[in-house]
Every structure is written in structure tokens, then in C-alpha cells.
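A quick write-up on the structure given underneath.
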Amino acid sequence: MTTASDRIVSIVSSYVGCSLEHDTDRLAELVARGVDHPGSIVRVKTNCGTFALGVLHAAGVPHELLEHKYRNEMAIAWIIQVANDCGAIRYPKRDGQPPAGALLHYWVRQGTKTVNHHVEFCLETPTATWIARHAGGGRPKNAITDGVSDIRWNASRPLQAWYDPDELMNGRD
């Protein structure tokens, strides 16, 4: 039986290498989620959020926001809403390490504002020192890339939350 983690890891892994220069049509179909114009949505800059929405939709996460046309700069807000509604939000300092398939959410605070968001997926169980393979968008030319590193940090942003793949798939709404 395929688990939520397995399904998400498989989807994300299959898109590694896609960009605005390679396999663009396939990436466009994913991020369009069947509701947006593929040729437009694939060009959204810093596409980490639109890629994550596409993966959640393709994995079958049961939430109405994943069926809505994209609204500019709403990807991260929608991801947070989906995770909240599904009861999937977890915190590294309280809940520990994420499992494979978890959506990792990084951000920093400036004064009272939360800024510089980034999301990507954990693709394997982290080691005791939080080293794991991870992948996502938000790269030059909207490339979907993977790497192995300490998942507690991404480009000077700390891991603030992760979203449980099993809870995402079960939903609550």
C-alpha cells in the first residue's frame, strides 16, 4: 500500500530537473492544477509555493483551495491554510524531525512581520543531525532541484514549521 509520504516523495522526485528550459509543459500542467492557464502559471517567479500547491493537488490532498485559480502572491498563505485546516502543522522545536514527504516551511521575522518564505519537500527520513534529501522550486528559471543538507536551514532561513503528509492527505475540512 502506498503511503502519503511515498506518494508525495514520488511526485516531487519525478519533477526534479524540470524548469522553464526543460520539460516546461509537464511542470506547467502540475502547477496549473487543472484550473490555471499552464503557460502563465509556470512563469510565476519564486515558484516554490506554486510547485508545492501542484504537488499537494497531484497527491490528492482534499482541500477546496487547491481547486481555485491562483491569486498572485497567495501560494504560501494557501499552503498554511490547507495545513491548518487539515491539522497538519508541526513545529521542529516541539514535534521534532519531519518524515519523508513532509512539506518544510522556512521564514524569518523582521520586527513584527514574517517575511522571506520558502517551502520545499523532505524526501527522506533525516539523520540524527537533520541531514536529508530535499527538493522544491524557487530556483532560477523556476527549476525544481534537489540536494542533501541540514534541513533546519535554507538560505539563512530557519525551518519554522513542517506539514505532516499523513494529516494533509486525511484532511479535516
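So you can find residues: chains in the C-alpha cells are A, B, ... in the order shown, residues in each start at 1, and ligands are numbered from 1 in order.
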Shell of 12 Å around A:His22, only C-alpha atoms, local chain residues under 4 positions omitted, as a list in words:
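The contact residues come out as Tyr15, Val16, Gly17, Cys18, Arg26, Leu27, Ala28, Lys141, Asn142, Ala143 and Ile144 of chain A.
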Using only C-alpha atoms, which protein or nucleic acid residues come within 12 Å of A:His68? Drop anything in the same chain fewer than 4 positions from it, and give the result as a list of chain:residue names.
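Returned residues: A:Val31, A:Ala32, A:Arg33, A:Gly34, A:Val35, A:Asp36, A:Leu53, A:Gly54, A:His57, A:His63, A:Glu64, A:Met74, A:Ala75, A:Trp78.
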Give me the residues within 12 Å of A:Arg7 as a ChimeraX atom specification, counting only C-alpha atoms and dropping any in the same chain fewer than 6 places off.
/A:1,13-14,55-61,100-102,123,165-166,168-169
Can I get the selection written as an mmCIF file, in the first residue's frame, with C-alpha atoms?
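Writing the result to result-v8.cif gives the following:
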data_model
loop_
_atom_site.group_PDB
_atom_site.id
_atom_site.type_symbol
_atom_site.label_atom_id
_atom_site.label_comp_id
_atom_site.auth_asym_id
_atom_site.auth_seq_id
_atom_site.Cartn_x
_atom_site.Cartn_y
_atom_site.Cartn_z
ATOM 1 C CA MET A 1 0.000 0.000 0.000
ATOM 2 C CA SER A 13 11.175 13.331 -7.268
ATOM 3 C CA SER A 14 9.626 12.938 -10.701
ATOM 4 C CA VAL A 55 2.268 18.588 -5.649
ATOM 5 C CA LEU A 56 -0.420 18.669 -2.949
ATOM 6 C CA HIS A 57 -3.112 18.687 -5.628
ATOM 7 C CA ALA A 58 -1.484 15.832 -7.568
ATOM 8 C CA ALA A 59 -1.128 13.821 -4.352
ATOM 9 C CA GLY A 60 -4.861 14.142 -3.729
ATOM 10 C CA VAL A 61 -4.878 16.425 -0.692
ATOM 11 C CA ALA A 100 9.788 11.858 4.287
ATOM 12 C CA GLY A 101 7.085 13.610 2.285
ATOM 13 C CA ALA A 102 6.678 16.492 4.736
ATOM 14 C CA LEU A 123 12.388 13.377 0.564
ATOM 15 C CA PRO A 165 1.939 14.280 4.916
ATOM 16 C CA ASP A 166 -0.464 11.817 6.550
ATOM 17 C CA LEU A 168 -2.545 16.533 4.774
ATOM 18 C CA MET A 169 -3.945 13.514 2.973
#
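Nearest residue to A:Asn170, choosing from A:Ile8, A:Gly39, A:Ala88, A:Pro98 and counting only C-alpha atoms: A:Ala88.
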Atomic separation - atom CA of A:His117 relative to atom CA of A:Tyr70, Å:
17.5 Å
Nearest to A:Ser10, restricted to only C-alpha atoms and choosing among A:Cys48, A:Ala135, A:Ile79, A:Asn154, comes out as A:Ala135
Just asking: which residues within chain A are strand (DSSP E) according to DSSP, as a PyMOL selection string?
chain A and resi 89-90+103-110+113-122+131-136+145-150+153-154+157-163
How about saving the chosen residues, C-alpha atoms kept, as a PDB file, in the first residue's frame?
ATOM      1  CA  ILE A  89       1.072  21.849  11.128  1.00  0.00           C
ATOM      2  CA  ARG A  90       4.025  20.640  13.200  1.00  0.00           C
ATOM      3  CA  LEU A 103       6.409  19.995   3.344  1.00  0.00           C
ATOM      4  CA  LEU A 104       9.080  22.148   5.013  1.00  0.00           C
ATOM      5  CA  HIS A 105       8.306  25.826   5.676  1.00  0.00           C
ATOM      6  CA  TYR A 106      11.101  28.344   6.236  1.00  0.00           C
ATOM      7  CA  TRP A 107      10.810  32.030   7.095  1.00  0.00           C
ATOM      8  CA  VAL A 108      12.371  34.865   9.060  1.00  0.00           C
ATOM      9  CA  ARG A 109      10.841  37.632  11.128  1.00  0.00           C
ATOM     10  CA  GLN A 110      11.592  41.308  10.638  1.00  0.00           C
ATOM     11  CA  LYS A 113       6.325  40.747  10.190  1.00  0.00           C
ATOM     12  CA  THR A 114       7.031  37.259   8.911  1.00  0.00           C
ATOM     13  CA  VAL A 115       8.903  37.517   5.608  1.00  0.00           C
ATOM     14  CA  ASN A 116      11.092  35.653   3.136  1.00  0.00           C
ATOM     15  CA  HIS A 117       9.031  32.469   2.992  1.00  0.00           C
ATOM     16  CA  HIS A 118      10.254  29.325   1.289  1.00  0.00           C
ATOM     17  CA  VAL A 119       8.751  25.835   1.075  1.00  0.00           C
ATOM     18  CA  GLU A 120      10.133  22.545  -0.182  1.00  0.00           C
ATOM     19  CA  PHE A 121       9.706  18.842   0.489  1.00  0.00           C
ATOM     20  CA  CYS A 122      11.681  16.464   2.689  1.00  0.00           C
ATOM     21  CA  ILE A 131      20.715  15.818   7.149  1.00  0.00           C
ATOM     22  CA  ALA A 132      18.232  14.747   4.474  1.00  0.00           C
ATOM     23  CA  ARG A 133      17.496  14.894   0.770  1.00  0.00           C
ATOM     24  CA  HIS A 134      15.017  17.670  -0.007  1.00  0.00           C
ATOM     25  CA  ALA A 135      13.597  19.239  -3.164  1.00  0.00           C
ATOM     26  CA  GLY A 136      11.455  22.055  -4.434  1.00  0.00           C
ATOM     27  CA  THR A 145      16.058  20.848  -7.791  1.00  0.00           C
ATOM     28  CA  ASP A 146      17.091  18.526  -5.009  1.00  0.00           C
ATOM     29  CA  GLY A 147      20.004  18.362  -2.615  1.00  0.00           C
ATOM     30  CA  VAL A 148      21.230  16.810   0.603  1.00  0.00           C
ATOM     31  CA  SER A 149      21.921  19.100   3.556  1.00  0.00           C
ATOM     32  CA  ASP A 150      20.831  20.128   7.047  1.00  0.00           C
ATOM     33  CA  TRP A 153      18.120  25.896   7.450  1.00  0.00           C
ATOM     34  CA  ASN A 154      17.552  27.121   3.902  1.00  0.00           C
ATOM     35  CA  ARG A 157      16.080  30.970   6.878  1.00  0.00           C
ATOM     36  CA  PRO A 158      15.280  28.640   9.778  1.00  0.00           C
ATOM     37  CA  LEU A 159      12.821  25.770   9.477  1.00  0.00           C
ATOM     38  CA  GLN A 160       9.830  27.150  11.367  1.00  0.00           C
ATOM     39  CA  ALA A 161       7.199  24.504  10.626  1.00  0.00           C
ATOM     40  CA  TRP A 162       6.624  21.315   8.704  1.00  0.00           C
ATOM     41  CA  TYR A 163       3.390  19.853   7.419  1.00  0.00           C
TER      42      TYR A 163
END
Name the residues of stretch 79-120 of chain A that come out as alpha helix (DSSP H) in a backbone DSSP run; write them as a list in words.
Ile79, Ile80, Gln81, Val82, Ala83, Asn84, Asp85, Cys86, Pro92, Lys93, Arg94 and Asp95 of chain A
Kindly export the residues of the current selection with C-alpha atoms, as a PDB file, in the first residue's frame.
ATOM      1  CA  ILE A  79      -0.429  26.282   1.897  1.00  0.00           C
ATOM      2  CA  ILE A  80      -0.676  27.454   5.501  1.00  0.00           C
ATOM      3  CA  GLN A  81      -4.489  27.424   5.316  1.00  0.00           C
ATOM      4  CA  VAL A  82      -4.568  23.915   3.844  1.00  0.00           C
ATOM      5  CA  ALA A  83      -2.157  22.646   6.516  1.00  0.00           C
ATOM      6  CA  ASN A  84      -4.106  24.354   9.293  1.00  0.00           C
ATOM      7  CA  ASP A  85      -7.462  23.043   8.092  1.00  0.00           C
ATOM      8  CA  CYS A  86      -6.041  19.505   7.831  1.00  0.00           C
ATOM      9  CA  PRO A  92      10.523  21.285  14.833  1.00  0.00           C
ATOM     10  CA  LYS A  93      11.212  22.604  18.334  1.00  0.00           C
ATOM     11  CA  ARG A  94       8.142  20.839  19.736  1.00  0.00           C
ATOM     12  CA  ASP A  95       7.450  17.937  17.378  1.00  0.00           C
TER      13      ASP A  95
END
Distance atom CA of A:Thr2-atom CA of A:Gly171, one decimal place?
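Between atom CA of A:Thr2 and atom CA of A:Gly171 the gap works out to 17.2 Å.
Pairwise distance (atom CA of A:Ala4, atom CA of A:Gly49) equals 19.3 Å.
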Which residue gives the smallest distance to A:Gln97 among A:Glu73, A:Glu67, A:Asp23, A:Asp164, with only C-alpha atoms counted?
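Among the listed residues, the smallest separation from A:Gln97 belongs to A:Asp164.
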